[in-house]
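Peer 1: Enclosed is the structure file entry.txt (compact mmCIF, C-alpha atoms and all ligand atoms).
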```
# COMPACT_ATOMS: atom_id res chain seq x y z
CA MET A 374 -54.99 -83.67 -47.35
CA TRP A 375 -55.77 -80.82 -45.00
CA PHE A 376 -56.97 -77.85 -46.98
CA TYR A 377 -56.74 -74.27 -45.83
CA LYS A 378 -60.53 -73.95 -46.13
CA ASP A 379 -60.93 -76.77 -43.58
CA VAL A 380 -58.20 -76.19 -41.03
CA GLY A 381 -57.15 -72.55 -41.56
CA HIS A 382 -53.58 -71.30 -41.32
CA THR A 383 -51.41 -69.08 -39.13
CA GLN A 384 -52.97 -65.86 -40.42
CA ASP A 385 -56.41 -67.07 -39.34
CA ALA A 386 -55.01 -68.08 -36.01
CA LYS A 387 -53.57 -64.61 -35.47
CA LYS A 388 -56.89 -63.01 -36.39
CA GLU A 389 -58.70 -65.38 -34.05
CA LEU A 390 -56.40 -64.48 -31.18
CA VAL A 391 -56.39 -60.74 -31.85
CA SER A 392 -60.17 -60.68 -32.05
CA ILE A 393 -60.87 -62.51 -28.82
CA MET A 394 -58.10 -60.82 -26.82
CA ASP A 395 -58.34 -57.28 -28.30
CA PHE A 396 -54.59 -57.37 -28.96
CA ALA A 397 -53.41 -54.62 -31.27
CA ASP A 398 -51.26 -57.25 -32.96
CA SER A 399 -50.59 -60.85 -31.99
CA GLU A 400 -47.11 -60.68 -33.54
CA SER A 401 -45.42 -59.51 -30.37
CA VAL A 402 -47.12 -62.16 -28.23
CA PHE A 403 -47.17 -65.33 -30.29
CA ILE A 404 -45.35 -65.81 -33.56
CA THR A 405 -47.05 -68.98 -34.74
CA PRO A 406 -50.39 -69.54 -33.05
CA LYS A 407 -52.40 -72.43 -34.42
CA PRO A 408 -55.95 -72.07 -35.72
CA THR A 409 -58.51 -73.76 -33.49
CA ARG A 410 -59.86 -75.57 -36.57
CA LEU A 411 -56.50 -77.24 -37.07
CA ILE A 412 -56.31 -78.43 -33.47
CA GLN A 413 -59.95 -79.59 -33.66
CA ARG A 414 -59.05 -81.72 -36.68
CA ILE A 415 -56.08 -83.20 -34.84
CA LEU A 416 -58.22 -83.94 -31.78
CA GLN A 417 -60.93 -85.50 -33.95
CA ILE A 418 -58.37 -87.99 -35.20
CA ALA A 419 -56.23 -88.47 -32.13
CA THR A 420 -58.81 -88.53 -29.33
CA ASN A 421 -62.22 -89.92 -28.46
CA PRO A 422 -65.17 -88.27 -26.80
CA GLY A 423 -64.59 -88.23 -23.03
CA ASP A 424 -60.80 -88.07 -23.38
CA LEU A 425 -58.53 -85.75 -21.43
CA VAL A 426 -56.36 -83.59 -23.69
CA LEU A 427 -53.01 -82.37 -22.35
CA ASP A 428 -51.10 -79.43 -23.79
CA SER A 429 -48.03 -78.93 -21.66
CA PHE A 430 -47.15 -75.71 -23.50
CA GLY A 431 -50.42 -73.81 -23.13
CA GLY A 432 -49.35 -70.49 -24.69
CA SER A 433 -52.28 -68.70 -26.29
CA GLY A 434 -54.63 -71.50 -25.23
CA THR A 435 -55.62 -72.76 -28.67
CA THR A 436 -55.85 -76.35 -27.49
CA GLY A 437 -58.29 -75.50 -24.70
CA HIS A 438 -60.32 -73.30 -27.04
CA ALA A 439 -60.51 -76.13 -29.59
CA VAL A 440 -61.78 -78.53 -26.92
CA LEU A 441 -64.43 -76.03 -25.78
CA LYS A 442 -65.54 -75.66 -29.40
CA MET A 443 -65.73 -79.41 -29.93
CA ASN A 444 -67.83 -79.76 -26.81
CA ALA A 445 -70.11 -76.94 -27.95
CA THR A 446 -70.88 -78.63 -31.26
CA ALA A 447 -71.43 -82.28 -31.97
CA SER A 448 -69.36 -81.96 -35.14
CA GLY A 449 -66.05 -82.85 -33.54
CA SER A 450 -67.31 -86.04 -31.98
CA ILE A 451 -66.75 -88.85 -34.41
CA GLY A 452 -67.41 -92.37 -33.24
CA GLU A 453 -69.70 -91.30 -30.41
CA ASP A 454 -71.71 -93.89 -28.58
CA ALA A 455 -75.27 -92.58 -28.50
CA ASP A 456 -76.05 -94.56 -25.33
CA GLU A 457 -73.45 -92.71 -23.30
CA GLU A 458 -74.36 -89.88 -20.92
CA PRO A 459 -73.75 -86.53 -22.69
CA GLU A 460 -71.35 -85.50 -19.88
CA ALA A 461 -69.20 -88.56 -20.51
CA ARG A 462 -68.78 -87.50 -24.14
CA LEU A 463 -67.25 -84.14 -23.28
CA ARG A 464 -63.54 -83.87 -23.79
CA ARG A 465 -61.63 -82.18 -20.97
CA PHE A 466 -58.28 -80.45 -21.08
CA ILE A 467 -55.25 -79.63 -18.99
CA LEU A 468 -53.09 -76.77 -20.19
CA ILE A 469 -49.80 -75.93 -18.52
CA GLU A 470 -48.09 -72.58 -18.96
CA LEU A 471 -44.80 -71.57 -17.40
CA GLU A 472 -44.96 -67.79 -17.73
CA PRO A 473 -47.23 -66.38 -15.03
CA THR A 474 -48.36 -63.35 -17.04
CA VAL A 475 -49.03 -65.37 -20.19
CA CYS A 476 -50.88 -67.94 -18.13
CA LYS A 477 -53.21 -65.47 -16.41
CA ASP A 478 -53.57 -62.75 -19.03
CA VAL A 479 -53.59 -64.84 -22.20
CA THR A 480 -54.17 -68.57 -21.70
CA ALA A 481 -56.81 -68.31 -18.97
CA GLU A 482 -58.30 -65.03 -20.14
CA ARG A 483 -58.82 -66.32 -23.68
CA LEU A 484 -60.54 -69.45 -22.42
CA ARG A 485 -62.69 -67.44 -20.02
CA ARG A 486 -63.80 -65.14 -22.83
CA ALA A 487 -64.44 -68.05 -25.15
CA ALA A 488 -66.53 -69.89 -22.56
CA VAL A 489 -68.59 -67.07 -21.05
CA GLY A 490 -68.51 -64.49 -23.84
CA HIS A 491 -66.95 -61.05 -24.10
CA THR A 492 -67.34 -57.60 -25.61
CA ASN A 493 -65.07 -57.10 -28.59
CA ALA A 494 -63.10 -53.98 -29.56
CA LYS A 495 -66.09 -52.73 -31.58
CA GLY A 496 -68.27 -52.94 -28.50
CA GLU A 497 -70.23 -55.95 -29.79
CA ALA A 498 -71.29 -58.63 -27.32
CA ILE A 499 -69.86 -61.99 -28.40
CA LYS A 500 -71.73 -64.92 -26.93
CA GLY A 501 -69.79 -67.56 -25.00
CA ILE A 502 -69.66 -71.12 -26.26
CA GLY A 503 -70.05 -72.63 -22.78
CA GLY A 504 -67.84 -74.94 -20.78
CA GLY A 505 -65.25 -73.77 -18.30
CA PHE A 506 -62.05 -74.57 -16.46
CA ARG A 507 -60.34 -74.24 -13.13
CA PHE A 508 -57.15 -72.18 -12.77
CA CYS A 509 -54.56 -73.79 -10.50
CA GLU A 510 -51.07 -72.68 -9.54
CA LEU A 511 -48.44 -75.31 -8.87
CA GLY A 512 -46.76 -75.08 -5.50
CA GLU A 513 -43.18 -76.10 -4.76
CA ALA A 514 -42.26 -79.75 -5.24
CA LEU A 515 -42.84 -81.75 -2.04
CA PHE A 516 -40.01 -84.22 -2.59
CA ASP A 517 -36.37 -83.72 -3.55
CA GLU A 518 -34.44 -85.81 -6.08
CA ALA A 519 -33.67 -88.43 -3.45
CA GLY A 520 -37.36 -88.86 -2.61
CA GLN A 521 -37.04 -87.07 0.74
CA ILE A 522 -39.59 -84.49 1.86
CA ARG A 523 -38.12 -81.03 1.32
CA GLU A 524 -37.29 -79.14 4.50
CA THR A 525 -39.43 -76.17 3.50
CA VAL A 526 -42.60 -78.24 3.10
CA LYS A 527 -45.31 -77.19 5.54
CA PHE A 528 -47.68 -79.56 7.31
CA GLY A 529 -50.73 -78.40 5.34
CA GLU A 530 -48.99 -78.93 1.99
CA LEU A 531 -47.93 -82.49 2.73
CA ALA A 532 -51.29 -83.19 4.38
CA ARG A 533 -53.22 -82.35 1.21
CA HIS A 534 -50.97 -84.61 -0.85
CA VAL A 535 -51.09 -87.49 1.64
CA TYR A 536 -54.88 -87.33 1.88
CA PHE A 537 -55.28 -87.30 -1.89
CA SER A 538 -52.73 -90.04 -2.56
CA GLU A 539 -54.35 -92.25 0.10
CA THR A 540 -58.00 -91.69 -0.79
CA ARG A 541 -57.88 -90.36 -4.38
CA GLU A 542 -60.18 -87.62 -3.12
CA PRO A 543 -59.01 -84.04 -2.56
CA LEU A 544 -59.18 -82.75 0.98
CA PRO A 545 -62.20 -80.43 0.91
CA ARG A 546 -60.98 -76.91 0.19
CA GLU A 547 -62.52 -75.40 3.32
CA ARG A 548 -60.79 -77.94 5.56
CA VAL A 549 -57.54 -76.42 6.84
CA PRO A 550 -55.33 -79.35 7.77
CA ASN A 551 -54.03 -78.27 11.17
CA THR A 552 -54.53 -81.45 13.19
CA PRO A 553 -53.04 -84.92 12.66
CA LEU A 554 -56.51 -86.24 11.75
CA LEU A 555 -56.75 -85.04 8.15
CA GLY A 556 -60.18 -86.42 7.47
CA VAL A 557 -62.34 -89.50 7.11
CA CYS A 558 -62.96 -91.01 3.71
CA ARG A 559 -65.24 -94.02 3.08
CA GLY A 560 -65.16 -94.83 6.80
CA VAL A 561 -61.36 -94.75 7.14
CA ALA A 562 -59.61 -91.98 9.09
CA VAL A 563 -56.36 -90.64 7.63
CA TYR A 564 -53.75 -89.25 10.04
CA LEU A 565 -50.40 -87.60 9.40
CA LEU A 566 -47.61 -87.07 11.92
CA PHE A 567 -45.23 -84.56 10.37
CA ASN A 568 -43.33 -81.41 11.29
CA GLY A 569 -44.09 -81.85 14.97
CA ILE A 570 -47.84 -81.37 14.52
CA LEU A 571 -48.19 -82.77 18.04
CA GLY A 572 -45.82 -80.11 19.37
CA ASP A 573 -42.75 -82.36 19.54
CA LYS A 574 -40.15 -81.91 16.79
CA THR A 575 -37.47 -84.24 18.21
CA SER A 576 -36.34 -87.01 15.87
CA ASN A 577 -37.96 -89.71 17.95
CA GLY A 578 -40.82 -87.51 19.09
CA GLY A 579 -44.09 -86.36 17.62
CA ASN A 580 -43.58 -87.76 14.13
CA VAL A 581 -43.17 -91.29 15.47
CA LEU A 582 -46.18 -93.39 16.44
CA THR A 583 -45.72 -94.46 20.05
CA ARG A 584 -48.28 -95.35 22.74
CA LYS A 585 -47.88 -91.76 23.98
CA THR A 586 -48.47 -90.11 20.59
CA LEU A 587 -51.34 -92.50 19.85
CA ALA A 588 -53.06 -91.38 23.06
CA THR A 589 -52.87 -87.74 22.00
CA LEU A 590 -54.34 -88.26 18.51
CA PRO A 591 -57.90 -87.08 17.89
CA PRO A 592 -59.94 -90.25 18.41
CA PHE A 593 -61.80 -92.14 15.69
CA GLN A 594 -63.83 -95.30 16.18
CA GLY A 595 -62.98 -97.37 13.13
CA PRO A 596 -60.10 -98.19 10.80
CA LYS A 597 -57.27 -95.71 10.64
CA VAL A 598 -54.32 -95.14 8.32
CA ILE A 599 -51.49 -93.29 10.05
CA TYR A 600 -48.59 -91.77 8.13
CA CYS A 601 -45.59 -91.34 10.43
CA ALA A 602 -41.78 -91.35 10.39
CA GLY A 603 -41.64 -94.58 12.40
CA CYS A 604 -43.71 -96.82 14.64
CA LEU A 605 -42.85 -98.23 18.08
CA ILE A 606 -46.16 -100.00 18.67
CA GLY A 607 -46.42 -103.77 18.25
CA ALA A 608 -48.41 -105.43 15.47
CA ASP A 609 -51.01 -106.85 17.91
CA ARG A 610 -51.89 -103.47 19.37
CA LEU A 611 -52.04 -101.93 15.87
CA ALA A 612 -54.43 -104.65 14.73
CA GLU A 613 -56.52 -104.19 17.86
CA GLU A 614 -56.82 -100.47 17.14
CA GLY A 615 -57.49 -101.03 13.41
CA ILE A 616 -54.37 -99.07 12.49
CA THR A 617 -52.46 -99.37 9.24
CA VAL A 618 -49.08 -97.64 9.45
CA ARG A 619 -47.48 -96.04 6.41
CA GLN A 620 -43.96 -94.77 6.82
CA THR A 621 -43.08 -91.30 5.56
CA PRO A 622 -41.69 -90.54 3.07
CA TYR A 623 -41.29 -94.02 1.56
CA GLU A 624 -44.91 -95.10 1.61
CA ILE A 625 -46.39 -91.85 0.40
CA ARG A 626 -47.49 -92.39 -3.17
CA VAL A 627 -46.07 -89.64 -5.34
CA SER A 628 -48.90 -89.75 -7.86
C1 LIG B 1 -45.45 -72.07 -28.86
S1 LIG B 1 -46.28 -71.66 -27.36
C2 LIG B 1 -47.60 -72.79 -27.32
C3 LIG B 1 -48.65 -72.51 -28.32
C4 LIG B 1 -49.98 -73.08 -28.00
N1 LIG B 1 -49.96 -74.56 -27.93
C5 LIG B 1 -50.96 -72.56 -29.03
O1 LIG B 1 -50.98 -73.01 -30.14
O2 LIG B 1 -51.65 -71.61 -28.69
C6 LIG B 1 -45.20 -72.36 -26.17
C7 LIG B 1 -45.53 -71.91 -24.73
O3 LIG B 1 -44.94 -72.84 -23.85
C8 LIG B 1 -44.49 -72.15 -22.70
N2 LIG B 1 -43.47 -72.98 -22.05
C9 LIG B 1 -42.17 -73.11 -22.36
N3 LIG B 1 -41.56 -74.01 -21.55
C10 LIG B 1 -42.52 -74.48 -20.72
C11 LIG B 1 -42.53 -75.44 -19.67
N4 LIG B 1 -41.43 -76.09 -19.31
N5 LIG B 1 -43.69 -75.69 -19.04
C12 LIG B 1 -44.82 -75.05 -19.39
N6 LIG B 1 -44.87 -74.10 -20.39
C13 LIG B 1 -43.74 -73.83 -21.04
C14 LIG B 1 -44.00 -70.82 -23.23
O4 LIG B 1 -44.05 -69.82 -22.21
C15 LIG B 1 -45.00 -70.54 -24.37
O5 LIG B 1 -46.05 -69.70 -23.93
```
Just give me the structure of the file as structure tokens.
Ligand SMILES: C[S@@+](CC[C@H](N)C(=O)[O-])C[C@H]1O[C@@H](n2cnc3c(N)ncnc32)[C@H](O)[C@@H]1O
Peer 2:
Amino acid sequence: MWFYKDVGHTQDAKKELVSIMDFADSESVFITPKPTRLIQRILQIATNPGDLVLDSFGGSGTTGHAVLKMNATASGSIGEDADEEPEARLRRFILIELEPTVCKDVTAERLRRAAVGHTNAKGEAIKGIGGGFRFCELGEALFDEAGQIRETVKFGELARHVYFSETREPLPRERVPNTPLLGVCRGVAVYLLFNGILGDKTSNGGNVLTRKTLATLPPFQGPKVIYCAGCLIGADRLAEEGITVRQTPYEIRVS
């Protein structure tokens, strides 16, 4: 039994939203927002401390707000292991919102206000409950339905994906991938030959690993993984050079 006094109802949810966002009326924005208390109750039952909560229809951001609240108070954390690091007990969230204006002006703005605090319509300073989030915008899909790399994909876009899928580490933000050597991770250099990065866009040219292209790659003393459209170098030479070849697009992990 979930009583109104415990989990609230839609009216509370509207008040909650109007108060944090200074909306004149939430009616026009969201017809049935959920109270954070209701989502907290659901998360108490359905998740454990440290879990990652996904709401693929972010909307007014109630799910994220509920997670921030649970992290701010110990009350939502049933079944906690007291030996665990406090960080490991925090729930995290991913919210996805399709509408750009809703996403920026409502979903993200509500969570920002909740986390860091805000001044309400009466001019009162409302303290933040802590926590935070990162706002990301999805780019175009890299692959088409047939698994081929889309023609419009730029070198830098594929490079970031290749580096992450190979190493499980993001390419550092400040590193602009504009050379075939994307980076070195745990002692292994990751290279990508794509879109004629070596200045040769012919089908058997700069995207294919040949003795000639190998000689023009930025050098690295140690093991190398090279993503390329094809390879015309023999296995012995590859082994000698410590090179693992992965063929694009087939050997690029999509996740
Ligand atoms: C009912 S609201 C979500 C309410 C939210 N969970 C809450 O309680 O605050 C649904 C939202 O999903 C968004 N949406 C619809 N289709 C989507 C999609 N394919 N991907 C991401 N968001 C989508 C809509 O723009 C709308 O803001």
Peer 1: Measuring atom to atom with all atoms listed in the file, identify which of A:Val526, A:Ile499, A:Ile467, A:Ala588 is nearest to ligand LIG 1 (chain B).
Peer 2: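 The shortest atom-to-atom distance to ligand LIG 1 (chain B) comes from A:Ile467.
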Peer 1: Name the closest residue to ligand LIG 1 (chain B) among the candidates A:Gly603, A:Gly490, A:Pro473, A:Gly381; distances are taken between atoms, counting only C-alpha atoms and all ligand atoms.
Peer 2: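 Counting only C-alpha atoms and all ligand atoms, the residue closest to ligand LIG 1 (chain B) is A:Pro473.
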Peer 1: I'd like the neighbourhood of stretch 540-542 of chain A as a ChimeraX atom specification, where a residue qualifies if any of its atoms comes within 9 Å (using all atoms listed in the file), though same-chain residues fewer than 4 positions away should be ignored.
Peer 2: /A:535-536,558-559,563
Peer 1: Please return as an MDAnalysis selection string every residue within 6 Å of (-56.9, -76.6, -21.1), taking into account all atoms listed in the file and the file's own coordinates.
Peer 2: chainID A and resid 437 466:468
Peer 1: Kindly list the centre and edge lengths in Å, rounded to one decimal, for the axis-aligned box that covers all listed atoms of ligand LIG 1 (chain B) plus 4 Å on each of its six sides, as lines of an AutoDock Vina configuration file.
Peer 2:
```
center_x = -46.5
center_y = -72.9
center_z = -24.6
size_x = 18.2
size_y = 14.4
size_z = 19.1
```
Peer 1: Find the nearest atom pair between each residue of chain A and ligand LIG 1 (chain B) for residues within 7 Å, count all atoms listed in the file, give distances in Å to one decimal, sort rows by chain and ascending number, and present the table as CSV.
Peer 2:
```
residue,atom,partner,partner_atom,distance
A:Thr405,CA,B:LIG1,C1,6.8
A:Pro406,CA,B:LIG1,O1,4.6
A:Lys407,CA,B:LIG1,O1,4.5
A:Asp428,CA,B:LIG1,N1,6.5
A:Ser429,CA,B:LIG1,C12,5.5
A:Phe430,CA,B:LIG1,O3,3.6
A:Gly431,CA,B:LIG1,N1,4.9
A:Gly432,CA,B:LIG1,O5,3.5
A:Ser433,CA,B:LIG1,O2,3.8
A:Gly434,CA,B:LIG1,O2,4.6
A:Thr435,CA,B:LIG1,O2,4.1
A:Thr436,CA,B:LIG1,N1,6.2
A:Ile469,CA,B:LIG1,C12,5.1
A:Glu470,CA,B:LIG1,N6,3.8
A:Leu471,CA,B:LIG1,N6,3.9
A:Glu472,CA,B:LIG1,O4,5.0
A:Val475,CA,B:LIG1,O5,6.5
```
Peer 1: Could you take the residues named above and write them with C-alpha atoms, as a PDB file, in the frame of the given file?
Peer 2:
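Full text of again-v4.pdb as output:
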```pdb
ATOM      1  CA  THR A 405     -47.050 -68.980 -34.740  1.00  0.00           C
ATOM      2  CA  PRO A 406     -50.390 -69.540 -33.050  1.00  0.00           C
ATOM      3  CA  LYS A 407     -52.400 -72.430 -34.420  1.00  0.00           C
ATOM      4  CA  ASP A 428     -51.100 -79.430 -23.790  1.00  0.00           C
ATOM      5  CA  SER A 429     -48.030 -78.930 -21.660  1.00  0.00           C
ATOM      6  CA  PHE A 430     -47.150 -75.710 -23.500  1.00  0.00           C
ATOM      7  CA  GLY A 431     -50.420 -73.810 -23.130  1.00  0.00           C
ATOM      8  CA  GLY A 432     -49.350 -70.490 -24.690  1.00  0.00           C
ATOM      9  CA  SER A 433     -52.280 -68.700 -26.290  1.00  0.00           C
ATOM     10  CA  GLY A 434     -54.630 -71.500 -25.230  1.00  0.00           C
ATOM     11  CA  THR A 435     -55.620 -72.760 -28.670  1.00  0.00           C
ATOM     12  CA  THR A 436     -55.850 -76.350 -27.490  1.00  0.00           C
ATOM     13  CA  ILE A 469     -49.800 -75.930 -18.520  1.00  0.00           C
ATOM     14  CA  GLU A 470     -48.090 -72.580 -18.960  1.00  0.00           C
ATOM     15  CA  LEU A 471     -44.800 -71.570 -17.400  1.00  0.00           C
ATOM     16  CA  GLU A 472     -44.960 -67.790 -17.730  1.00  0.00           C
ATOM     17  CA  VAL A 475     -49.030 -65.370 -20.190  1.00  0.00           C
TER      18      VAL A 475
END
```
Peer 1: Between A:Phe593, A:Thr617, A:Thr409, A:Glu510, which is the closest to A:Lys477 once you count only C-alpha atoms?
Peer 2: A:Glu510
Peer 1: So which one's closest to A:Cys509, A:Leu587, A:Ala494, A:Leu425, A:Ala481? Using all atoms listed in the file, please.
Peer 2: A:Ala481
Peer 1: What is the atom CA of A:His534 to atom CA of A:Gly556 distance in Å?
Peer 2: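 So the two atoms, atom CA of A:His534 and atom CA of A:Gly556, lie 12.5 Å apart.
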Peer 1: Any chance you could build stretch 420-434 of chain A out to N, CA, C and O atoms and write it as a PDB file, keeping the file's coordinate frame?
Peer 2:
```
ATOM      1  N   THR A 420     -58.152 -88.292 -30.623  1.00  0.00           N
ATOM      2  CA  THR A 420     -58.810 -88.530 -29.330  1.00  0.00           C
ATOM      3  C   THR A 420     -60.240 -89.004 -29.536  1.00  0.00           C
ATOM      4  O   THR A 420     -60.786 -88.899 -30.624  1.00  0.00           O
ATOM      5  N   ASN A 421     -60.817 -89.491 -28.457  1.00  0.00           N
ATOM      6  CA  ASN A 421     -62.220 -89.920 -28.460  1.00  0.00           C
ATOM      7  C   ASN A 421     -63.025 -89.043 -27.537  1.00  0.00           C
ATOM      8  O   ASN A 421     -62.470 -88.441 -26.603  1.00  0.00           O
ATOM      9  N   PRO A 422     -64.339 -88.996 -27.747  1.00  0.00           N
ATOM     10  CA  PRO A 422     -65.170 -88.270 -26.800  1.00  0.00           C
ATOM     11  C   PRO A 422     -64.885 -88.776 -25.382  1.00  0.00           C
ATOM     12  O   PRO A 422     -64.676 -89.970 -25.167  1.00  0.00           O
ATOM     13  N   GLY A 423     -64.854 -87.855 -24.428  1.00  0.00           N
ATOM     14  CA  GLY A 423     -64.590 -88.230 -23.030  1.00  0.00           C
ATOM     15  C   GLY A 423     -63.112 -88.206 -22.675  1.00  0.00           C
ATOM     16  O   GLY A 423     -62.760 -88.328 -21.512  1.00  0.00           O
ATOM     17  N   ASP A 424     -62.242 -88.048 -23.670  1.00  0.00           N
ATOM     18  CA  ASP A 424     -60.800 -88.070 -23.380  1.00  0.00           C
ATOM     19  C   ASP A 424     -60.342 -86.781 -22.690  1.00  0.00           C
ATOM     20  O   ASP A 424     -61.003 -85.743 -22.767  1.00  0.00           O
ATOM     21  N   LEU A 425     -59.171 -86.892 -22.076  1.00  0.00           N
ATOM     22  CA  LEU A 425     -58.530 -85.750 -21.430  1.00  0.00           C
ATOM     23  C   LEU A 425     -57.365 -85.334 -22.312  1.00  0.00           C
ATOM     24  O   LEU A 425     -56.485 -86.136 -22.599  1.00  0.00           O
ATOM     25  N   VAL A 426     -57.376 -84.072 -22.745  1.00  0.00           N
ATOM     26  CA  VAL A 426     -56.360 -83.590 -23.690  1.00  0.00           C
ATOM     27  C   VAL A 426     -55.334 -82.755 -22.917  1.00  0.00           C
ATOM     28  O   VAL A 426     -55.704 -81.819 -22.214  1.00  0.00           O
ATOM     29  N   LEU A 427     -54.069 -83.111 -23.050  1.00  0.00           N
ATOM     30  CA  LEU A 427     -53.010 -82.370 -22.350  1.00  0.00           C
ATOM     31  C   LEU A 427     -52.200 -81.547 -23.338  1.00  0.00           C
ATOM     32  O   LEU A 427     -51.744 -82.067 -24.358  1.00  0.00           O
ATOM     33  N   ASP A 428     -52.052 -80.249 -23.051  1.00  0.00           N
ATOM     34  CA  ASP A 428     -51.100 -79.430 -23.790  1.00  0.00           C
ATOM     35  C   ASP A 428     -50.160 -78.823 -22.763  1.00  0.00           C
ATOM     36  O   ASP A 428     -50.546 -77.926 -22.016  1.00  0.00           O
ATOM     37  N   SER A 429     -48.945 -79.362 -22.709  1.00  0.00           N
ATOM     38  CA  SER A 429     -48.030 -78.930 -21.660  1.00  0.00           C
ATOM     39  C   SER A 429     -47.350 -77.606 -21.993  1.00  0.00           C
ATOM     40  O   SER A 429     -46.526 -77.133 -21.223  1.00  0.00           O
ATOM     41  N   PHE A 430     -47.668 -77.031 -23.135  1.00  0.00           N
ATOM     42  CA  PHE A 430     -47.150 -75.710 -23.500  1.00  0.00           C
ATOM     43  C   PHE A 430     -48.345 -74.853 -23.904  1.00  0.00           C
ATOM     44  O   PHE A 430     -48.572 -74.582 -25.075  1.00  0.00           O
ATOM     45  N   GLY A 431     -49.106 -74.417 -22.898  1.00  0.00           N
ATOM     46  CA  GLY A 431     -50.420 -73.810 -23.130  1.00  0.00           C
ATOM     47  C   GLY A 431     -50.427 -72.593 -24.035  1.00  0.00           C
ATOM     48  O   GLY A 431     -51.310 -72.458 -24.886  1.00  0.00           O
ATOM     49  N   GLY A 432     -49.463 -71.677 -23.848  1.00  0.00           N
ATOM     50  CA  GLY A 432     -49.350 -70.490 -24.690  1.00  0.00           C
ATOM     51  C   GLY A 432     -50.659 -69.736 -24.826  1.00  0.00           C
ATOM     52  O   GLY A 432     -51.297 -69.375 -23.830  1.00  0.00           O
ATOM     53  N   SER A 433     -51.073 -69.521 -26.066  1.00  0.00           N
ATOM     54  CA  SER A 433     -52.280 -68.700 -26.290  1.00  0.00           C
ATOM     55  C   SER A 433     -53.557 -69.481 -26.027  1.00  0.00           C
ATOM     56  O   SER A 433     -54.652 -68.936 -26.175  1.00  0.00           O
ATOM     57  N   GLY A 434     -53.447 -70.743 -25.665  1.00  0.00           N
ATOM     58  CA  GLY A 434     -54.630 -71.500 -25.230  1.00  0.00           C
ATOM     59  C   GLY A 434     -55.451 -72.104 -26.354  1.00  0.00           C
ATOM     60  O   GLY A 434     -56.606 -72.485 -26.145  1.00  0.00           O
TER      61      GLY A 434
END
```
